[in-house]
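Here's the structure, in structure tokens; my notes come after.
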2 protein chains.
Amino acid sequence: MDPAATATLKTIAGRIGTSVSTVSRVLNGRARTYRISSETAERILAMAKELNFSPNMLAKGLRLRRSNTIGLVIPDISNPFFAAMTHTVTVEARNRGYSLLLCDTQEDTLREVEAIGLLQNRMIEGLIVLPVGQDGRHFEAFTSGSLPLVLVDRYFPYLRLPYVAADNVLGALQATRHMIERGHRRIACICGLPGSTANDDRVRGYRQALTEAGIAVDERLIAGQSFGSQTGYIETKLMVSRFKDLTAILALSNLIGFGVLQALSEEGISIPERISLVCFDDQPYSAFLATPMTTIRQRHAEMGQLAVKLLFDRIASSTPGEPEGIILPTELIERRSVRDLRIH
Amino acid sequence: MDPAATATLKTIAGRIGTSVSTVSRVLNGRARTYRISSETAERILAMAKELNFSPNMLAKGLRLRRSNTIGLVIPDISNPFFAAMTHTVTVEARNRGYSLLLCDTQEDTLREVEAIGLLQNRMIEGLIVLPVGQDGRHFEAFTSGSLPLVLVDRYFPYLRLPYVAADNVLGALQATRHMIERGHRRIACICGLPGSTANDDRVRGYRQALTEAGIAVDERLIAGQSFGSQTGYIETKLMVSRFKDLTAILALSNLIGFGVLQALSEEGISIPERISLVCFDDQPYSAFLATPMTTIRQRHAEMGQLAVKLLFDRIASSTPGEPEGIILPTELIERRSVRDLRIH
DNA sequence: CGGCGGTTTGAAATCGTTTGCGCTGAGGCT
DNA sequence: AGCCTCAGCGCAAACGATTTCAAACCGCCG
């Protein structure tokens with residue numbers, strides 16, 4: 001019924017009356033170089049097709065010490081930003097004949113460490129990690145280049161590892177300047193995971209924009225501990241009740257943005273009339289929101305493609321070379337969630 | 001520096017001065033049953049820890065004929081509906097000690113077939129597929145139960161295979177009835193991939209609701225060929241220009257909904273004043289759209305969990321038993337995108 | 001007729017694990 | 001003394017593929 005499940009080199013060899021070596025050589029297209037008679041070769045090919053043979057990748061991987069597999073470790077696939085990245089990575093990997101082992105760490109460093117260990121046992125040839133980002137010690141082992149690794153979105157400046165990330169400082173600068181130019185002075189910054197470059201760079205951009213405009217940074221206006229929507233919700237509730245003079249919010253992720261939206265809507269605060277808002281991560285729905293959202297676009301498709309390219313470059317060349325860090329510019333997508341305070 | 005990469009049973013055996021068999025047995029916790037002296041066992045354990053040993057899963061899989069891996073085949077991870085599903089599947093798989101091989105078929109049956117073949121070579125122990133759904137012939141081989149498979153979201157009624165899906169007929173019924181009850185008679189249905197149960201059942205529900213209300217089904221009001229946003233965009237443009245008496249649209253997916261939104265916004269048609277809209281798939285952003293969207297919620301988290309449960313039940317029990325089909329009810333989430341024509 | 005060269009193929013080792021079976025030596029029983 | 005039992009472990013064969021080394025066969029030359 002299904003000999004496919006069990007057809008092996010030996011099966012073919014047995015039926016043809018030849019040895020496994022010959023079969024292997026023919027099936028790997030080495031018939032010529034090993035001078036297998038074309039008659040034998042054809043019979044083997046025919047039989048392989050008939051039995052619907054395809055090689056056991058485990059055995060192959062064991063022998064060849066390579067598995068044709070790469071690993072992808074990601075904090076949370078249900079986040080559309082990560083999902084988009086995953087999409088391009090799977091497709092690119094497939095195009096190169098590689099399979100993809102996926103781990104979702106749920107934004108938990110411990111699970112991240114576990115996942116990476118697990119993947120290594122599976123003899124993956126390369127690893128793309130979107131790290132949780134607070135702690136990077138478990139990546140030190142990779143600086144030797146034993147297993148190609150590329151970091152995406154968040155990275156560790158003190159580790160010599162290739163990465164591709166968005167220019168988070170620039171993004172926050174663009175967002176904050178945009179609001180300042182429109183007359184905003186009291187701007188809250190609702191943050192993600194402290195310690196991650198994605199967060200800290202954004203906060204730095206925010207501070208810088210304020211400072212260069214001669215506005216004192218009010219530390220109480222900087223709050224938040226994670227990239228989830230709860231952070232946005234809670235911090236917004238607190239902010240609007242505490243600081244009546246607040247006119248704008250910078251949300252450091254799309255999920256945080258949701259929380260802000262929810263809280264503002266519950267409080268009956270309208271955007272942008274009472275509070276202006278800029279969110280990180282442009283999304284398909286951003287334009288269709290009640291107030292079309294002004295956002296900072298990160299080029300996630302390009303990030304994914306670059307990560308794959310970087311990774312396969314390293315897989316291909318045995319000499320790793322200098323690890324590159326690629327920073328992609330961000331872009332401000334202006335819609336209607338920022339009010340111009342100068343008019344009126 | 002990193003002996004981890006190369007530590008093997010042999011390494012440990014060599015250092016301790018014992019045989020690999022003993023090491024294997026101890027490391028598998030079989031010390032007692034094989035009567036290994038506790039002294040030897042402890043030395044082995046200690047050495048394993050020291051060398052940071054962890055077994056080569058390829059070799060293990062080859063020998064044991066099981067890889068501790070399952071496969072997930074999905075049309076498009078960047079679609080939030082699928083992303084949410086993927087999230088629960090990865091997490092559940094991990095909780096059971098399994099890894100996850102992921103394939104994105106880009107809604108292409110050919111790639112789907114390829115992907116499934118590839119995964120089988122990797123000796124996966126089970127497979128969850130969200131099929132493209134038009135053609136299911138390549139699933140026939142699985143009805144024998146050789147490799148546990150569960151279908152999600154779309155399925156094939158003529159194949160005896162376990163599946164978990166939403167009650168699409170019900171969903172469309174709920175949506176269409178909702179609109180009819182509010183006085184709508186001319187309701188367009190913008191469809192996804194014809195031939196897939198997800199699409200066809202929804203269309204059936206739409207027809208049924210119309211029929212039971214005594215409204216003649218106008219075939220020209222049923223259009224669309226794919227679940228993507230372009231379908232929504234194009235068909236909406238055509239519909240509104242052709243049928244001036246149209247008062248409502250049923251969009252059979254969240255992506256189609258985006259297209260509808262875009263087209264309507266370009267045409268300057270307001271929701272729900274001129275046109276009412278109900279979309280399949282409730283999303284986090286649905287409530288925050290310009291017009292909070294009335295949607296049909298499918299319980300994707302439950303679907304993912306059930307799929308995993310079904311799959312592991314089949315993996316665990318060698319006797320497959322009757323394949324179960326599980327249909328999850330849908331739920332209408334009423335917001336404000338449907339106008340009540342009876343008032344006013 | 002021995003050896004050589006070219007052609008076609010096979011045997012066997014290897015990758016890292018697991019596991020059925022059997023070996024060895026000590027002690028006890030008759 | 002002979003035999004059995006049992007603790008404690010090792011040998012070797014798998015799993016399915018790749019690859020090195022060399023064998024077998026042929027014709028042909030000297």
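Lettering and numbering for the structure tokens are positional, with chains as A, B, ... in the shown order, residues counted from 1 in each chain, and ligands counted from 1 in the shown order.
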
Contacts of Ala301 in chain A at 10 Å (only C-alpha atoms (C1' of nucleotides); same-chain gap of 5+ positions) as a PyMOL selection string | chain A and resi 81+84-89+306-307

Residues of range 180-339 of chain B in helix (DSSP H, G or I), written as a PyMOL selection string = chain B and resi 180-181+197-212+219-221+229-242+254-266+286-288+300-316

Kindly save the residues from that selection, with C-alpha atoms included, as a PDB file, in the first residue's frame.
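Okay, part-v1.pdb is ready:
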ATOM      1  CA  ILE B 180     -31.311  40.151   7.629  1.00  0.00           C
ATOM      2  CA  GLU B 181     -32.863  40.765  11.011  1.00  0.00           C
ATOM      3  CA  THR B 197     -14.722  23.555   3.136  1.00  0.00           C
ATOM      4  CA  ALA B 198     -13.948  26.793   4.930  1.00  0.00           C
ATOM      5  CA  ASN B 199     -15.260  28.692   1.951  1.00  0.00           C
ATOM      6  CA  ASP B 200     -18.002  26.437   0.700  1.00  0.00           C
ATOM      7  CA  ASP B 201     -19.575  25.899   4.094  1.00  0.00           C
ATOM      8  CA  ARG B 202     -19.669  29.608   4.668  1.00  0.00           C
ATOM      9  CA  VAL B 203     -21.320  30.189   1.344  1.00  0.00           C
ATOM     10  CA  ARG B 204     -23.804  27.480   2.202  1.00  0.00           C
ATOM     11  CA  GLY B 205     -24.639  29.189   5.482  1.00  0.00           C
ATOM     12  CA  TYR B 206     -25.105  32.452   3.648  1.00  0.00           C
ATOM     13  CA  ARG B 207     -27.485  30.865   1.160  1.00  0.00           C
ATOM     14  CA  GLN B 208     -29.392  29.074   3.850  1.00  0.00           C
ATOM     15  CA  ALA B 209     -29.970  32.231   5.865  1.00  0.00           C
ATOM     16  CA  LEU B 210     -31.234  34.005   2.799  1.00  0.00           C
ATOM     17  CA  THR B 211     -33.488  31.136   1.823  1.00  0.00           C
ATOM     18  CA  GLU B 212     -35.017  30.662   5.234  1.00  0.00           C
ATOM     19  CA  GLU B 219     -25.760  34.616  -7.751  1.00  0.00           C
ATOM     20  CA  ARG B 220     -24.153  37.834  -8.939  1.00  0.00           C
ATOM     21  CA  LEU B 221     -23.803  38.853  -5.327  1.00  0.00           C
ATOM     22  CA  SER B 229      -7.146  41.068   0.667  1.00  0.00           C
ATOM     23  CA  GLN B 230      -7.009  41.697  -3.080  1.00  0.00           C
ATOM     24  CA  THR B 231     -10.135  39.648  -3.523  1.00  0.00           C
ATOM     25  CA  GLY B 232     -11.934  41.861  -1.048  1.00  0.00           C
ATOM     26  CA  TYR B 233     -10.707  44.981  -2.736  1.00  0.00           C
ATOM     27  CA  ILE B 234     -11.547  44.031  -6.306  1.00  0.00           C
ATOM     28  CA  GLU B 235     -14.891  42.432  -5.665  1.00  0.00           C
ATOM     29  CA  THR B 236     -16.025  45.322  -3.533  1.00  0.00           C
ATOM     30  CA  LYS B 237     -15.122  47.829  -6.194  1.00  0.00           C
ATOM     31  CA  LEU B 238     -17.152  45.857  -8.717  1.00  0.00           C
ATOM     32  CA  MET B 239     -20.070  45.190  -6.442  1.00  0.00           C
ATOM     33  CA  VAL B 240     -20.648  48.763  -5.367  1.00  0.00           C
ATOM     34  CA  SER B 241     -20.455  50.065  -8.896  1.00  0.00           C
ATOM     35  CA  ARG B 242     -22.769  47.391 -10.283  1.00  0.00           C
ATOM     36  CA  ASN B 254     -10.208  38.922   7.867  1.00  0.00           C
ATOM     37  CA  LEU B 255      -7.927  39.565   4.909  1.00  0.00           C
ATOM     38  CA  ILE B 256     -10.872  39.939   2.567  1.00  0.00           C
ATOM     39  CA  GLY B 257     -12.243  42.348   5.118  1.00  0.00           C
ATOM     40  CA  PHE B 258      -9.175  44.534   4.735  1.00  0.00           C
ATOM     41  CA  GLY B 259      -9.726  44.697   1.031  1.00  0.00           C
ATOM     42  CA  VAL B 260     -13.332  45.676   1.535  1.00  0.00           C
ATOM     43  CA  LEU B 261     -12.333  48.379   3.975  1.00  0.00           C
ATOM     44  CA  GLN B 262      -9.810  49.761   1.547  1.00  0.00           C
ATOM     45  CA  ALA B 263     -12.194  49.791  -1.399  1.00  0.00           C
ATOM     46  CA  LEU B 264     -15.022  51.314   0.577  1.00  0.00           C
ATOM     47  CA  SER B 265     -12.768  53.990   1.979  1.00  0.00           C
ATOM     48  CA  GLU B 266     -11.493  54.873  -1.498  1.00  0.00           C
ATOM     49  CA  SER B 286     -11.414  44.516  15.278  1.00  0.00           C
ATOM     50  CA  ALA B 287     -12.755  46.594  18.124  1.00  0.00           C
ATOM     51  CA  PHE B 288     -10.534  49.563  17.349  1.00  0.00           C
ATOM     52  CA  HIS B 300      -8.440  29.457  17.131  1.00  0.00           C
ATOM     53  CA  ALA B 301      -6.662  28.814  20.400  1.00  0.00           C
ATOM     54  CA  GLU B 302      -9.017  25.950  21.170  1.00  0.00           C
ATOM     55  CA  MET B 303      -8.679  24.689  17.650  1.00  0.00           C
ATOM     56  CA  GLY B 304      -4.918  24.546  18.004  1.00  0.00           C
ATOM     57  CA  GLN B 305      -5.073  22.826  21.354  1.00  0.00           C
ATOM     58  CA  LEU B 306      -7.599  20.288  20.173  1.00  0.00           C
ATOM     59  CA  ALA B 307      -5.554  19.547  17.088  1.00  0.00           C
ATOM     60  CA  VAL B 308      -2.492  18.889  19.185  1.00  0.00           C
ATOM     61  CA  LYS B 309      -4.465  16.772  21.607  1.00  0.00           C
ATOM     62  CA  LEU B 310      -6.015  14.717  18.825  1.00  0.00           C
ATOM     63  CA  LEU B 311      -2.620  14.272  17.256  1.00  0.00           C
ATOM     64  CA  PHE B 312      -0.879  13.113  20.389  1.00  0.00           C
ATOM     65  CA  ASP B 313      -3.712  10.782  21.229  1.00  0.00           C
ATOM     66  CA  ARG B 314      -3.100   9.094  17.919  1.00  0.00           C
ATOM     67  CA  ILE B 315       0.651   9.097  18.370  1.00  0.00           C
ATOM     68  CA  ALA B 316       0.299   7.519  21.790  1.00  0.00           C
TER      69      ALA B 316
END

Find the residues in chain A near chain C: any atom within 12 Å counts, using only C-alpha atoms (C1' of nucleotides). Write them as a VMD selection string.
-> chain A and resid 13 17 to 23 25 31 to 41 58 to 66 121 123

Please save N, CA and C atoms of the selected residues as a PDB file, in the first residue's frame.
ATOM      1  N   ALA A  13      18.440  -1.774  -3.797  1.00  0.00           N
ATOM      2  CA  ALA A  13      19.591  -2.618  -4.123  1.00  0.00           C
ATOM      3  C   ALA A  13      19.159  -4.072  -4.240  1.00  0.00           C
ATOM      4  N   GLY A  17      19.431  -6.117  -7.532  1.00  0.00           N
ATOM      5  CA  GLY A  17      20.542  -7.055  -7.459  1.00  0.00           C
ATOM      6  C   GLY A  17      21.876  -6.345  -7.549  1.00  0.00           C
ATOM      7  N   THR A  18      21.935  -5.225  -6.878  1.00  0.00           N
ATOM      8  CA  THR A  18      23.205  -4.500  -6.858  1.00  0.00           C
ATOM      9  C   THR A  18      23.488  -4.116  -5.400  1.00  0.00           C
ATOM     10  N   SER A  19      24.505  -3.338  -5.181  1.00  0.00           N
ATOM     11  CA  SER A  19      24.814  -2.980  -3.793  1.00  0.00           C
ATOM     12  C   SER A  19      24.266  -1.599  -3.450  1.00  0.00           C
ATOM     13  N   VAL A  20      24.133  -1.343  -2.178  1.00  0.00           N
ATOM     14  CA  VAL A  20      23.635  -0.046  -1.748  1.00  0.00           C
ATOM     15  C   VAL A  20      24.537   1.086  -2.209  1.00  0.00           C
ATOM     16  N   SER A  21      25.821   0.817  -2.227  1.00  0.00           N
ATOM     17  CA  SER A  21      26.748   1.874  -2.635  1.00  0.00           C
ATOM     18  C   SER A  21      26.380   2.395  -4.008  1.00  0.00           C
ATOM     19  N   THR A  22      26.169   1.476  -4.902  1.00  0.00           N
ATOM     20  CA  THR A  22      25.846   1.865  -6.268  1.00  0.00           C
ATOM     21  C   THR A  22      24.569   2.682  -6.307  1.00  0.00           C
ATOM     22  N   VAL A  23      23.589   2.199  -5.586  1.00  0.00           N
ATOM     23  CA  VAL A  23      22.321   2.909  -5.564  1.00  0.00           C
ATOM     24  C   VAL A  23      22.516   4.330  -5.054  1.00  0.00           C
ATOM     25  N   ARG A  25      25.146   6.130  -5.070  1.00  0.00           N
ATOM     26  CA  ARG A  25      25.879   6.967  -6.030  1.00  0.00           C
ATOM     27  C   ARG A  25      24.981   7.432  -7.156  1.00  0.00           C
ATOM     28  N   ALA A  31      26.575   9.124 -10.935  1.00  0.00           N
ATOM     29  CA  ALA A  31      26.724   7.964 -11.808  1.00  0.00           C
ATOM     30  C   ALA A  31      27.928   8.132 -12.728  1.00  0.00           C
ATOM     31  N   ARG A  32      28.056   9.310 -13.315  1.00  0.00           N
ATOM     32  CA  ARG A  32      29.154   9.536 -14.249  1.00  0.00           C
ATOM     33  C   ARG A  32      30.504   9.464 -13.573  1.00  0.00           C
ATOM     34  N   THR A  33      30.638  10.224 -12.523  1.00  0.00           N
ATOM     35  CA  THR A  33      31.956  10.279 -11.882  1.00  0.00           C
ATOM     36  C   THR A  33      32.383   8.921 -11.338  1.00  0.00           C
ATOM     37  N   TYR A  34      31.399   8.081 -11.030  1.00  0.00           N
ATOM     38  CA  TYR A  34      31.782   6.762 -10.531  1.00  0.00           C
ATOM     39  C   TYR A  34      31.706   5.709 -11.631  1.00  0.00           C
ATOM     40  N   ARG A  35      31.451   6.174 -12.824  1.00  0.00           N
ATOM     41  CA  ARG A  35      31.375   5.309 -13.993  1.00  0.00           C
ATOM     42  C   ARG A  35      30.464   4.105 -13.787  1.00  0.00           C
ATOM     43  N   ILE A  36      29.245   4.411 -13.352  1.00  0.00           N
ATOM     44  CA  ILE A  36      28.233   3.362 -13.285  1.00  0.00           C
ATOM     45  C   ILE A  36      27.674   3.229 -14.698  1.00  0.00           C
ATOM     46  N   SER A  37      27.516   2.024 -15.170  1.00  0.00           N
ATOM     47  CA  SER A  37      27.003   1.845 -16.528  1.00  0.00           C
ATOM     48  C   SER A  37      25.620   2.468 -16.622  1.00  0.00           C
ATOM     49  N   SER A  38      25.360   3.070 -17.732  1.00  0.00           N
ATOM     50  CA  SER A  38      24.105   3.799 -17.849  1.00  0.00           C
ATOM     51  C   SER A  38      22.917   2.848 -17.740  1.00  0.00           C
ATOM     52  N   GLU A  39      23.132   1.607 -18.078  1.00  0.00           N
ATOM     53  CA  GLU A  39      22.039   0.648 -17.948  1.00  0.00           C
ATOM     54  C   GLU A  39      21.666   0.463 -16.474  1.00  0.00           C
ATOM     55  N   THR A  40      22.658   0.173 -15.670  1.00  0.00           N
ATOM     56  CA  THR A  40      22.415   0.036 -14.232  1.00  0.00           C
ATOM     57  C   THR A  40      21.769   1.292 -13.675  1.00  0.00           C
ATOM     58  N   ALA A  41      22.354   2.405 -14.055  1.00  0.00           N
ATOM     59  CA  ALA A  41      21.853   3.686 -13.541  1.00  0.00           C
ATOM     60  C   ALA A  41      20.374   3.845 -13.835  1.00  0.00           C
ATOM     61  N   LEU A  58      17.312  11.672   8.453  1.00  0.00           N
ATOM     62  CA  LEU A  58      17.986  11.473   9.729  1.00  0.00           C
ATOM     63  C   LEU A  58      19.299  10.732   9.506  1.00  0.00           C
ATOM     64  N   ALA A  59      19.196   9.664   8.749  1.00  0.00           N
ATOM     65  CA  ALA A  59      20.400   8.882   8.451  1.00  0.00           C
ATOM     66  C   ALA A  59      21.403   9.728   7.686  1.00  0.00           C
ATOM     67  N   LYS A  60      20.883  10.427   6.713  1.00  0.00           N
ATOM     68  CA  LYS A  60      21.727  11.285   5.895  1.00  0.00           C
ATOM     69  C   LYS A  60      22.430  12.316   6.772  1.00  0.00           C
ATOM     70  N   GLY A  61      21.641  12.948   7.620  1.00  0.00           N
ATOM     71  CA  GLY A  61      22.185  13.967   8.495  1.00  0.00           C
ATOM     72  C   GLY A  61      23.237  13.401   9.434  1.00  0.00           C
ATOM     73  N   LEU A  62      22.963  12.229   9.926  1.00  0.00           N
ATOM     74  CA  LEU A  62      23.902  11.612  10.860  1.00  0.00           C
ATOM     75  C   LEU A  62      25.246  11.370  10.176  1.00  0.00           C
ATOM     76  N   ARG A  63      25.162  10.814   9.004  1.00  0.00           N
ATOM     77  CA  ARG A  63      26.383  10.487   8.278  1.00  0.00           C
ATOM     78  C   ARG A  63      27.123  11.748   7.831  1.00  0.00           C
ATOM     79  N   LEU A  64      26.355  12.666   7.262  1.00  0.00           N
ATOM     80  CA  LEU A  64      26.970  13.858   6.676  1.00  0.00           C
ATOM     81  C   LEU A  64      27.261  14.945   7.697  1.00  0.00           C
ATOM     82  N   ARG A  65      26.759  14.768   8.887  1.00  0.00           N
ATOM     83  CA  ARG A  65      26.890  15.748   9.940  1.00  0.00           C
ATOM     84  C   ARG A  65      26.266  17.075   9.553  1.00  0.00           C
ATOM     85  N   ARG A  66      25.243  16.988   8.754  1.00  0.00           N
ATOM     86  CA  ARG A  66      24.463  18.189   8.470  1.00  0.00           C
ATOM     87  C   ARG A  66      23.032  17.766   8.156  1.00  0.00           C
ATOM     88  N   ASN A 121      20.990  19.904  19.470  1.00  0.00           N
ATOM     89  CA  ASN A 121      20.976  18.439  19.440  1.00  0.00           C
ATOM     90  C   ASN A 121      20.456  17.919  18.123  1.00  0.00           C
ATOM     91  N   MET A 123      21.251  18.988  15.386  1.00  0.00           N
ATOM     92  CA  MET A 123      22.270  19.203  14.364  1.00  0.00           C
ATOM     93  C   MET A 123      21.855  20.224  13.316  1.00  0.00           C
TER      94      MET A 123
END

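With the cut-off set to 7 Å and only C-alpha atoms (C1' of nucleotides) counted, chain D residues close to chain A are DG16, DA17 and DT18 of chain D.
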
Can you write out the residues you just picked, keeping N, CA and C atoms (P, O5', C5', C4', C3', O3' and C1' of nucleotides), as a tab-separated table (two decimals), in the first residue's frame?
chain	number	residue	atom	x	y	z
D	16	DG	P	15.85	1.44	8.32
D	16	DG	O5'	16.72	2.45	7.45
D	16	DG	C5'	16.43	3.83	7.50
D	16	DG	C4'	17.57	4.58	6.87
D	16	DG	C3'	17.88	4.18	5.43
D	16	DG	O3'	17.86	5.37	4.67
D	16	DG	C1'	19.85	4.25	6.71
D	17	DA	P	17.96	5.34	3.11
D	17	DA	O5'	19.44	5.92	2.87
D	17	DA	C5'	19.62	7.31	2.90
D	17	DA	C4'	21.00	7.65	3.42
D	17	DA	C3'	22.10	7.68	2.36
D	17	DA	O3'	22.20	9.02	1.90
D	17	DA	C1'	22.83	6.73	4.45
D	18	DT	P	23.16	9.28	0.62
D	18	DT	O5'	24.62	9.21	1.23
D	18	DT	C5'	25.11	10.32	1.96
D	18	DT	C4'	26.55	10.07	2.33
D	18	DT	C3'	27.55	10.14	1.18
D	18	DT	O3'	28.62	10.95	1.63
D	18	DT	C1'	27.84	8.13	2.35

Which parts of range 153-225 of chain B does DSSP call strand (DSSP E) when run on the backbone here, written out as a PyMOL selection string?
-> chain B and resi 163-166+187-190+222-223

In Å and to one decimal, CA of Glu114 in chain A is distant from CA of Gly97 in chain B by 11.1 Å

Hey, what's within 8 Å of Leu159 in chain A if we count only C-alpha atoms (C1' of nucleotides) and toss same-chain stuff fewer than 3 positions away? As a PDB file with C-alpha atoms, in the first residue's frame, please?
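This went into around.pdb:
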ATOM      1  CA  PHE A 139      25.041  33.495  23.173  1.00  0.00           C
ATOM      2  CA  GLU A 140      28.668  33.816  24.130  1.00  0.00           C
ATOM      3  CA  THR A 143      30.946  33.984  19.071  1.00  0.00           C
ATOM      4  CA  PHE A 156      23.873  42.452  22.230  1.00  0.00           C
TER       5      PHE A 156
END

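In this comparison, which uses only C-alpha atoms, the residue of B:Pro284, B:Gly29, B:Gly325, B:Pro194 approaching chain A most closely is B:Pro284.
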
Which neighbours of Gln134 in chain B fall inside 8 Å, counting only C-alpha atoms (C1' of nucleotides), when residues of the same chain fewer than 3 positions from it are skipped, and could you give them as number ranges by chain?
-> B: 109, 193-196

How about saving the chosen residues, N, CA and C atoms kept, as a JSON list (two decimals), in the first residue's frame?
[["chain", "number", "residue", "atom", "x", "y", "z"],
["B", 109, "THR", "N", -1.21, 24.41, -3.32],
["B", 109, "THR", "CA", -1.33, 22.97, -3.09],
["B", 109, "THR", "C", -0.06, 22.21, -3.46],
["B", 193, "LEU", "N", -11.29, 30.81, -1.18],
["B", 193, "LEU", "CA", -10.93, 29.78, -2.14],
["B", 193, "LEU", "C", -12.07, 28.79, -2.37],
["B", 194, "PRO", "N", -12.61, 28.77, -3.59],
["B", 194, "PRO", "CA", -13.70, 27.84, -3.84],
["B", 194, "PRO", "C", -13.19, 26.39, -3.76],
["B", 195, "GLY", "N", -14.03, 25.54, -3.24],
["B", 195, "GLY", "CA", -13.61, 24.13, -3.13],
["B", 195, "GLY", "C", -13.14, 23.78, -1.74],
["B", 196, "SER", "N", -12.70, 24.78, -0.99],
["B", 196, "SER", "CA", -12.30, 24.50, 0.39],
["B", 196, "SER", "C", -13.54, 24.50, 1.28]]
